[in-house]
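Coordinates as given in run_34.tsv (TSV, N, CA and C atoms and all ligand atoms):
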chain	number	residue	atom	x	y	z
A	130	MET	N	-25.95	-61.64	37.69
A	130	MET	CA	-26.88	-61.76	38.83
A	130	MET	C	-26.81	-60.49	39.67
A	131	ALA	N	-27.96	-60.01	40.04
A	131	ALA	CA	-28.00	-58.81	40.88
A	131	ALA	C	-28.87	-59.08	42.09
A	132	ASN	N	-28.40	-58.66	43.23
A	132	ASN	CA	-29.23	-58.74	44.43
A	132	ASN	C	-30.02	-57.45	44.54
A	133	VAL	N	-31.31	-57.58	44.65
A	133	VAL	CA	-32.15	-56.41	44.87
A	133	VAL	C	-32.78	-56.57	46.24
A	134	THR	N	-32.44	-55.66	47.15
A	134	THR	CA	-33.00	-55.73	48.49
A	134	THR	C	-34.09	-54.67	48.63
A	135	PHE	N	-35.25	-55.11	49.05
A	135	PHE	CA	-36.37	-54.19	49.24
A	135	PHE	C	-36.51	-53.91	50.72
A	136	SER	N	-36.69	-52.64	51.06
A	136	SER	CA	-36.82	-52.24	52.45
A	136	SER	C	-37.97	-51.24	52.56
A	137	SER	N	-38.85	-51.49	53.51
A	137	SER	CA	-40.01	-50.61	53.67
A	137	SER	C	-40.64	-50.84	55.03
A	138	PRO	N	-41.26	-49.80	55.57
A	138	PRO	CA	-41.99	-49.98	56.83
A	138	PRO	C	-43.14	-50.99	56.69
A	139	VAL	N	-43.59	-51.25	55.46
A	139	VAL	CA	-44.70	-52.19	55.29
A	139	VAL	C	-44.22	-53.65	55.20
A	140	LEU	N	-42.90	-53.84	55.17
A	140	LEU	CA	-42.37	-55.20	55.15
A	140	LEU	C	-41.90	-55.56	56.55
A	141	ALA	N	-42.16	-56.78	56.97
A	141	ALA	CA	-41.74	-57.21	58.30
A	141	ALA	C	-40.21	-57.15	58.41
A	142	ARG	N	-39.54	-57.47	57.33
A	142	ARG	CA	-38.08	-57.37	57.29
A	142	ARG	C	-37.66	-57.11	55.85
A	143	ASP	N	-36.40	-56.73	55.69
A	143	ASP	CA	-35.91	-56.49	54.33
A	143	ASP	C	-35.96	-57.80	53.54
A	144	VAL	N	-36.23	-57.68	52.28
A	144	VAL	CA	-36.31	-58.87	51.43
A	144	VAL	C	-35.31	-58.71	50.30
A	145	THR	N	-34.42	-59.70	50.16
A	145	THR	CA	-33.45	-59.67	49.07
A	145	THR	C	-33.83	-60.72	48.03
A	146	VAL	N	-33.90	-60.30	46.79
A	146	VAL	CA	-34.22	-61.24	45.73
A	146	VAL	C	-33.11	-61.17	44.67
A	147	TYR	N	-33.04	-62.20	43.87
A	147	TYR	CA	-32.04	-62.23	42.81
A	147	TYR	C	-32.70	-61.91	41.49
A	148	ALA	N	-32.17	-60.92	40.84
A	148	ALA	CA	-32.67	-60.59	39.51
A	148	ALA	C	-31.67	-61.15	38.52
A	149	ILE	N	-32.16	-61.71	37.46
A	149	ILE	CA	-31.27	-62.36	36.50
A	149	ILE	C	-30.62	-61.32	35.59
A	150	ALA	N	-29.31	-61.45	35.46
A	150	ALA	CA	-28.58	-60.51	34.60
A	150	ALA	C	-29.12	-60.60	33.18
A	151	GLY	N	-29.23	-59.47	32.57
A	151	GLY	CA	-29.72	-59.45	31.20
A	151	GLY	C	-31.24	-59.34	31.15
A	152	ASP	N	-31.87	-59.61	32.27
A	152	ASP	CA	-33.31	-59.44	32.37
A	152	ASP	C	-33.59	-57.94	32.31
A	153	ARG	N	-34.39	-57.53	31.36
A	153	ARG	CA	-34.63	-56.10	31.24
A	153	ARG	C	-35.82	-55.67	32.10
A	154	GLY	N	-36.00	-56.36	33.20
A	154	GLY	CA	-37.12	-56.01	34.06
A	154	GLY	C	-36.88	-54.72	34.82
A	155	THR	N	-37.94	-54.05	35.12
A	155	THR	CA	-37.83	-52.86	35.94
A	155	THR	C	-37.86	-53.28	37.41
A	156	ILE	N	-37.54	-52.33	38.28
A	156	ILE	CA	-37.64	-52.61	39.71
A	156	ILE	C	-39.07	-53.02	40.04
A	157	LEU	N	-40.02	-52.34	39.42
A	157	LEU	CA	-41.43	-52.67	39.69
A	157	LEU	C	-41.75	-54.09	39.24
A	158	ALA	N	-41.24	-54.49	38.08
A	158	ALA	CA	-41.51	-55.84	37.59
A	158	ALA	C	-40.91	-56.88	38.53
A	159	VAL	N	-39.69	-56.62	39.00
A	159	VAL	CA	-39.04	-57.55	39.93
A	159	VAL	C	-39.85	-57.61	41.23
A	160	ALA	N	-40.28	-56.45	41.71
A	160	ALA	CA	-41.06	-56.40	42.95
A	160	ALA	C	-42.36	-57.20	42.80
A	161	LYS	N	-43.04	-56.99	41.68
A	161	LYS	CA	-44.30	-57.69	41.48
A	161	LYS	C	-44.09	-59.19	41.41
A	162	ALA	N	-43.02	-59.60	40.75
A	162	ALA	CA	-42.73	-61.03	40.61
A	162	ALA	C	-42.49	-61.68	41.98
A	163	HIS	N	-42.06	-60.87	42.93
A	163	HIS	CA	-41.76	-61.41	44.27
A	163	HIS	C	-42.77	-60.94	45.31
A	164	LYS	N	-43.88	-60.43	44.85
A	164	LYS	CA	-44.96	-59.99	45.74
A	164	LYS	C	-44.51	-58.92	46.75
A	165	ILE	N	-43.63	-58.04	46.31
A	165	ILE	CA	-43.22	-56.91	47.14
A	165	ILE	C	-44.19	-55.77	46.82
A	166	PRO	N	-44.87	-55.25	47.85
A	166	PRO	CA	-45.98	-54.32	47.57
A	166	PRO	C	-45.57	-52.87	47.31
A	167	ILE	N	-44.73	-52.64	46.31
A	167	ILE	CA	-44.46	-51.26	45.91
A	167	ILE	C	-45.73	-50.69	45.29
A	168	PRO	N	-46.21	-49.55	45.78
A	168	PRO	CA	-47.42	-48.98	45.20
A	168	PRO	C	-47.18	-48.62	43.73
A	169	PHE	N	-48.17	-48.77	42.92
A	169	PHE	CA	-48.06	-48.33	41.53
A	169	PHE	C	-49.45	-48.07	40.98
A	170	ASP	N	-49.46	-47.36	39.88
A	170	ASP	CA	-50.74	-47.10	39.23
A	170	ASP	C	-50.55	-47.19	37.72
A	171	CYS	N	-50.03	-46.11	37.12
A	171	CYS	CA	-49.98	-46.04	35.65
A	171	CYS	C	-48.99	-47.02	35.02
A	172	GLN	N	-47.91	-47.34	35.71
A	172	GLN	CA	-46.81	-48.16	35.19
A	172	GLN	C	-46.19	-47.57	33.94
A	173	ASP	N	-46.33	-46.28	33.80
A	173	ASP	CA	-45.81	-45.64	32.60
A	173	ASP	C	-45.09	-44.34	32.91
A	174	GLY	N	-44.65	-44.17	34.15
A	174	GLY	CA	-43.87	-42.99	34.48
A	174	GLY	C	-44.65	-41.70	34.59
A	175	GLU	N	-45.96	-41.80	34.75
A	175	GLU	CA	-46.75	-40.58	34.73
A	175	GLU	C	-47.48	-40.23	36.01
A	176	CYS	N	-47.53	-41.16	36.98
A	176	CYS	CA	-48.31	-40.84	38.19
A	176	CYS	C	-47.42	-40.60	39.41
A	177	GLY	N	-46.23	-41.15	39.40
A	177	GLY	CA	-45.31	-40.94	40.51
A	177	GLY	C	-45.58	-41.81	41.73
A	178	SER	N	-46.56	-42.69	41.66
A	178	SER	CA	-46.88	-43.47	42.87
A	178	SER	C	-45.85	-44.55	43.17
A	179	CYS	N	-45.01	-44.89	42.20
A	179	CYS	CA	-44.02	-45.95	42.43
A	179	CYS	C	-42.66	-45.40	42.84
A	180	LEU	N	-42.65	-44.21	43.41
A	180	LEU	CA	-41.38	-43.59	43.80
A	180	LEU	C	-40.59	-44.47	44.78
A	181	VAL	N	-39.32	-44.69	44.49
A	181	VAL	CA	-38.45	-45.47	45.39
A	181	VAL	C	-37.11	-44.75	45.52
A	182	GLU	N	-36.42	-45.06	46.60
A	182	GLU	CA	-35.07	-44.54	46.78
A	182	GLU	C	-34.11	-45.69	46.49
A	183	VAL	N	-33.20	-45.48	45.59
A	183	VAL	CA	-32.29	-46.56	45.18
A	183	VAL	C	-30.87	-46.27	45.66
A	184	THR	N	-30.31	-47.21	46.41
A	184	THR	CA	-28.92	-47.09	46.85
A	184	THR	C	-28.12	-48.17	46.12
A	185	HIS	N	-27.02	-47.75	45.51
A	185	HIS	CA	-26.17	-48.68	44.76
A	185	HIS	C	-25.15	-49.28	45.71
A	186	LEU	N	-25.17	-50.61	45.85
A	186	LEU	CA	-24.34	-51.26	46.85
A	186	LEU	C	-23.03	-51.82	46.30
A	187	SER	N	-22.95	-51.93	44.98
A	187	SER	CA	-21.73	-52.49	44.41
A	187	SER	C	-20.57	-51.52	44.60
A	188	ARG	N	-19.39	-52.08	44.78
A	188	ARG	CA	-18.22	-51.23	44.98
A	188	ARG	C	-17.81	-50.54	43.69
A	189	ASN	N	-17.96	-51.26	42.60
A	189	ASN	CA	-17.59	-50.64	41.34
A	189	ASN	C	-18.56	-49.51	41.01
A	190	GLN	N	-18.19	-48.74	40.06
A	190	GLN	CA	-18.99	-47.55	39.75
A	190	GLN	C	-20.42	-47.89	39.36
A	191	LYS	N	-21.30	-46.97	39.69
A	191	LYS	CA	-22.70	-47.13	39.31
A	191	LYS	C	-22.79	-47.24	37.79
A	192	TYR	N	-23.77	-47.98	37.34
A	192	TYR	CA	-24.02	-48.05	35.91
A	192	TYR	C	-24.59	-46.72	35.45
A	193	GLY	N	-24.16	-46.27	34.31
A	193	GLY	CA	-24.74	-45.06	33.75
A	193	GLY	C	-26.17	-45.34	33.32
A	194	ILE	N	-27.00	-44.35	33.38
A	194	ILE	CA	-28.37	-44.53	32.96
A	194	ILE	C	-28.77	-43.34	32.08
A	195	ALA	N	-29.69	-43.57	31.23
A	195	ALA	CA	-30.24	-42.45	30.48
A	195	ALA	C	-31.59	-42.16	31.11
A	196	LEU	N	-31.63	-41.12	31.91
A	196	LEU	CA	-32.88	-40.75	32.58
A	196	LEU	C	-33.81	-40.15	31.53
A	197	THR	N	-34.97	-40.72	31.39
A	197	THR	CA	-35.88	-40.20	30.36
A	197	THR	C	-36.46	-38.86	30.80
A	198	GLU	N	-36.88	-38.09	29.83
A	198	GLU	CA	-37.51	-36.79	30.12
A	198	GLU	C	-38.72	-37.00	31.02
A	199	LYS	N	-39.46	-38.04	30.72
A	199	LYS	CA	-40.67	-38.33	31.46
A	199	LYS	C	-40.37	-38.56	32.96
A	200	GLU	N	-39.38	-39.39	33.21
A	200	GLU	CA	-39.04	-39.69	34.61
A	200	GLU	C	-38.47	-38.45	35.29
A	201	LYS	N	-37.62	-37.75	34.56
A	201	LYS	CA	-37.02	-36.54	35.11
A	201	LYS	C	-38.11	-35.54	35.51
A	202	GLU	N	-39.06	-35.36	34.63
A	202	GLU	CA	-40.13	-34.40	34.87
A	202	GLU	C	-40.98	-34.81	36.07
A	203	MET	N	-41.30	-36.09	36.16
A	203	MET	CA	-42.11	-36.56	37.29
A	203	MET	C	-41.33	-36.40	38.60
A	204	LEU	N	-40.05	-36.75	38.60
A	204	LEU	CA	-39.24	-36.59	39.82
A	204	LEU	C	-39.16	-35.12	40.21
A	205	ARG	N	-39.11	-34.26	39.20
A	205	ARG	CA	-39.07	-32.83	39.46
A	205	ARG	C	-40.38	-32.37	40.10
A	206	GLN	N	-41.48	-32.83	39.55
A	206	GLN	CA	-42.79	-32.47	40.11
A	206	GLN	C	-42.93	-32.95	41.54
A	207	LEU	N	-42.34	-34.10	41.83
A	207	LEU	CA	-42.44	-34.65	43.18
A	207	LEU	C	-41.44	-34.00	44.14
A	208	GLY	N	-40.57	-33.17	43.57
A	208	GLY	CA	-39.54	-32.52	44.39
A	208	GLY	C	-38.48	-33.49	44.87
A	209	LYS	N	-38.25	-34.54	44.08
A	209	LYS	CA	-37.32	-35.59	44.51
A	209	LYS	C	-36.04	-35.64	43.68
A	210	ILE	N	-35.78	-34.60	42.94
A	210	ILE	CA	-34.51	-34.57	42.20
A	210	ILE	C	-33.97	-33.14	42.29
A	211	SER	N	-32.69	-33.03	42.60
A	211	SER	CA	-32.11	-31.70	42.73
A	211	SER	C	-31.53	-31.25	41.40
A	212	LYS	N	-31.23	-29.97	41.32
A	212	LYS	CA	-30.61	-29.42	40.11
A	212	LYS	C	-29.31	-30.15	39.80
A	213	ALA	N	-28.52	-30.39	40.87
A	213	ALA	CA	-27.23	-31.07	40.69
A	213	ALA	C	-27.45	-32.48	40.17
A	214	GLU	N	-28.50	-33.14	40.66
A	214	GLU	CA	-28.77	-34.51	40.20
A	214	GLU	C	-29.22	-34.52	38.74
A	215	ILE	N	-29.99	-33.51	38.36
A	215	ILE	CA	-30.42	-33.42	36.96
A	215	ILE	C	-29.20	-33.25	36.08
A	216	GLU	N	-28.29	-32.40	36.51
A	216	GLU	CA	-27.08	-32.17	35.75
A	216	GLU	C	-26.23	-33.43	35.66
A	217	ALA	N	-26.09	-34.13	36.81
A	217	ALA	CA	-25.29	-35.35	36.83
A	217	ALA	C	-25.89	-36.40	35.90
A	218	ALA	N	-27.22	-36.43	35.84
A	218	ALA	CA	-27.89	-37.40	34.97
A	218	ALA	C	-27.70	-37.01	33.51
A	219	GLU	N	-27.82	-35.71	33.24
A	219	GLU	CA	-27.72	-35.25	31.84
A	219	GLU	C	-26.30	-35.31	31.31
A	220	VAL	N	-25.35	-34.92	32.15
A	220	VAL	CA	-23.97	-34.83	31.68
A	220	VAL	C	-23.23	-36.16	31.83
A	221	ASN	N	-23.41	-36.81	32.97
A	221	ASN	CA	-22.61	-38.01	33.24
A	221	ASN	C	-23.42	-39.30	33.30
A	222	ASP	N	-24.71	-39.21	33.00
A	222	ASP	CA	-25.58	-40.39	33.09
A	222	ASP	C	-25.59	-41.01	34.48
A	223	MET	N	-25.40	-40.20	35.50
A	223	MET	CA	-25.43	-40.73	36.85
A	223	MET	C	-26.86	-40.77	37.37
A	224	PRO	N	-27.27	-41.90	37.91
A	224	PRO	CA	-28.65	-42.00	38.37
A	224	PRO	C	-28.90	-41.17	39.63
A	225	PRO	N	-30.05	-40.49	39.70
A	225	PRO	CA	-30.38	-39.75	40.92
A	225	PRO	C	-30.79	-40.71	42.03
A	226	ARG	N	-30.94	-40.17	43.22
A	226	ARG	CA	-31.24	-41.00	44.38
A	226	ARG	C	-32.66	-41.60	44.31
A	227	TYR	N	-33.59	-40.80	43.88
A	227	TYR	CA	-34.95	-41.30	43.77
A	227	TYR	C	-35.26	-41.67	42.33
A	228	ARG	N	-36.00	-42.74	42.19
A	228	ARG	CA	-36.37	-43.21	40.85
A	228	ARG	C	-37.83	-43.63	40.85
A	229	LEU	N	-38.35	-43.81	39.65
A	229	LEU	CA	-39.67	-44.39	39.50
A	229	LEU	C	-39.46	-45.88	39.23
A	230	ALA	N	-40.01	-46.71	40.10
A	230	ALA	CA	-39.76	-48.15	39.99
A	230	ALA	C	-40.21	-48.72	38.65
A	231	CYS	N	-41.23	-48.10	38.05
A	231	CYS	CA	-41.73	-48.62	36.77
A	231	CYS	C	-40.85	-48.18	35.60
A	232	GLN	N	-39.92	-47.27	35.85
A	232	GLN	CA	-39.07	-46.76	34.78
A	232	GLN	C	-37.60	-47.14	34.97
A	233	CYS	N	-37.29	-47.75	36.08
A	233	CYS	CA	-35.89	-48.02	36.43
A	233	CYS	C	-35.57	-49.49	36.21
A	234	PHE	N	-34.70	-49.77	35.25
A	234	PHE	CA	-34.35	-51.15	34.94
A	234	PHE	C	-33.28	-51.67	35.90
A	235	VAL	N	-33.44	-52.94	36.27
A	235	VAL	CA	-32.45	-53.57	37.14
A	235	VAL	C	-31.26	-53.97	36.27
A	236	ARG	N	-30.07	-53.57	36.70
A	236	ARG	CA	-28.86	-53.91	35.96
A	236	ARG	C	-28.11	-54.97	36.74
A	237	ASN	N	-26.93	-55.27	36.25
A	237	ASN	CA	-26.14	-56.30	36.91
A	237	ASN	C	-25.36	-55.71	38.08
A	238	GLU	N	-26.08	-55.19	39.05
A	238	GLU	CA	-25.44	-54.63	40.23
A	238	GLU	C	-26.40	-54.72	41.40
A	239	ASP	N	-25.82	-54.77	42.59
A	239	ASP	CA	-26.64	-54.90	43.79
A	239	ASP	C	-27.20	-53.54	44.20
A	240	ILE	N	-28.47	-53.53	44.49
A	240	ILE	CA	-29.09	-52.27	44.90
A	240	ILE	C	-30.01	-52.49	46.10
A	241	LEU	N	-30.21	-51.40	46.84
A	241	LEU	CA	-31.17	-51.38	47.93
A	241	LEU	C	-32.29	-50.46	47.49
A	242	VAL	N	-33.51	-50.96	47.55
A	242	VAL	CA	-34.67	-50.19	47.11
A	242	VAL	C	-35.56	-49.91	48.31
A	243	LYS	N	-35.69	-48.64	48.66
A	243	LYS	CA	-36.55	-48.29	49.79
A	243	LYS	C	-37.83	-47.64	49.29
A	244	PHE	N	-38.93	-48.01	49.88
A	244	PHE	CA	-40.19	-47.37	49.52
A	244	PHE	C	-41.06	-47.24	50.76
A	245	GLU	N	-41.97	-46.30	50.69
A	245	GLU	CA	-42.84	-46.05	51.84
A	245	GLU	C	-43.98	-47.05	51.92
A	246	GLY	N	-44.64	-47.25	50.82
A	246	GLY	CA	-45.76	-48.19	50.82
A	246	GLY	C	-46.99	-47.57	51.45
A	247	ASP	N	-48.04	-48.32	51.39
A	247	ASP	CA	-49.31	-47.85	51.94
A	247	ASP	C	-49.38	-48.29	53.40
A	248	GLN	N	-49.32	-47.31	54.27
A	248	GLN	CA	-49.29	-47.67	55.69
A	248	GLN	C	-50.66	-47.51	56.35
A	249	THR	N	-51.67	-47.43	55.52
A	249	THR	CA	-53.02	-47.27	56.07
A	249	THR	C	-53.38	-48.51	56.88
A	250	LEU	N	-53.81	-48.30	58.07
A	250	LEU	CA	-54.18	-49.44	58.90
A	250	LEU	C	-55.61	-49.87	58.55
A	251	PRO	N	-55.87	-51.16	58.68
A	251	PRO	CA	-57.22	-51.64	58.33
A	251	PRO	C	-58.28	-51.10	59.28
B	301	LIG	FE1	-47.01	-44.43	37.70
B	301	LIG	FE2	-44.62	-45.61	38.04
B	301	LIG	S1	-46.58	-46.45	38.33
B	301	LIG	S2	-45.04	-43.53	37.61
Produce C-alpha cells that represent the structure in this file.
Amino acid sequence: MANVTFSSPVLARDVTVYAIAGDRGTILAVAKAHKIPIPFDCQDGECGSCLVEVTHLSRNQKYGIALTEKEKEMLRQLGKISKAEIEAAEVNDMPPRYRLACQCFVRNEDILVKFEGDQTLP
C-alpha cells in the first residue's frame, strides 16, 4: 500500500489516496482514478504537460527507477532536470525531483506529488 498525496494550488486542500501495491499504475492513472486534475495531453511522455514534483516520504531508501530516454529528454527540454540528476538517474537509478506523471509508476512507497494545474480563472 502506498499513500500518494496530491498538492496543488488548484486543490482546496491536499488529497491523500491509497494506491494498491503491485498496481502498475502511473501517477497520472492514480490521479485520474481519483479525479485529481493533473493536466495532461499526450499521455505518452512527449508533451510535458503532466509535469509534477515528486517528494519521497518513506524513511527507507527511494526505489530505484529506470528513467526512460523519452522522459529524460522531455525533462531536459523543460529545464527540470539537472546534470547531476541525470547522472544520478543513469548511474544509481535515483529518481529526479521532477517527473512526468504519465511516465512515473507508483511504487510501494509514500510520495507527495505537487503540480501547478490550470489556474485560469473562469
Ligand atoms: Fe504528455 Fe505526460 S501527458 S508527457
Protein and nucleic residues near ligand LIG 301 (chain B), 7 Å, all atoms listed in the file, as a ChimeraX atom specification: /A:168-180,229-232
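For the atom pair formed by atom N of Gly154 (chain A) and CA of Lys243 (chain A), the distance is 18.5 Å, given to one decimal.
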Can you check which residues of region 145-219 of chain A DSSP gives as alpha helix (DSSP H) on the backbone and send them as a VMD selection string? chain A and resid 156 to 162 198 to 206 212 to 219
Taking (-48.4, -54.6, 49.6) as a centre in this file's frame and 12 Å as the limit, can you find every polymer residue with an atom that close, using only C-alpha atoms, and give them as number ranges by chain? A: 137-141, 160-161, 163-169, 244-249
Rounded to one decimal in Å, what is the spacing between atom N of Asn132 (chain A) and CA of Ala148 (chain A)? 6.0 Å
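The coordinates place atom N of Arg142 (chain A) at 22.4 Å from atom N of Val235 (chain A).
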Could you make a table, as a tab-separated table, of the residues of region 138-186 of chain A that have an atom within 8 Å of an atom of region 210-225 of chain A, each with its nearest atom pair and distance in Å to one decimal, counting all atoms listed in the file, in chain and number order?
residue	atom	partner	partner_atom	distance
A:Glu182	CA	A:Pro225	C	7.5
A:Val183	N	A:Pro225	C	6.4
A:Thr184	N	A:Pro225	C	7.9
Kindly save the residues from that selection, with N, CA and C atoms included, as a PDB file, in the coordinates of the input.
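New file selection-v8.pdb:
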ATOM      1  N   GLU A 182     -36.420 -45.060  46.600  1.00  0.00           N
ATOM      2  CA  GLU A 182     -35.070 -44.540  46.780  1.00  0.00           C
ATOM      3  C   GLU A 182     -34.110 -45.690  46.490  1.00  0.00           C
ATOM      4  N   VAL A 183     -33.200 -45.480  45.590  1.00  0.00           N
ATOM      5  CA  VAL A 183     -32.290 -46.560  45.180  1.00  0.00           C
ATOM      6  C   VAL A 183     -30.870 -46.270  45.660  1.00  0.00           C
ATOM      7  N   THR A 184     -30.310 -47.210  46.410  1.00  0.00           N
ATOM      8  CA  THR A 184     -28.920 -47.090  46.850  1.00  0.00           C
ATOM      9  C   THR A 184     -28.120 -48.170  46.120  1.00  0.00           C
TER      10      THR A 184
END
What residues have an atom no more than 8 Å from (-25.0, -61.3, 40.5) in the file's own frame, counting only C-alpha atoms, and can you write them as a VMD selection string? chain A and resid 130 to 132 147 to 150 237 to 239
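Assigned to strand (DSSP E) in chain A, given DSSP computed from backbone atoms, are Ala131, Asn132, Val133, Thr134, Phe135, Ser136, Val144, Thr145, Val146, Tyr147, Ala148, Leu180, Val181, Glu182, Val183, Thr184, His185, Tyr227, Arg228, Leu229, Ile240, Leu241, Val242 and Lys243 of chain A.
Proximity to Cys233 (chain A) was assessed for A:Val144, A:Ser187, A:Thr155, A:Leu196 counting all atoms listed in the file; the smallest distance is recorded for A:Thr155.
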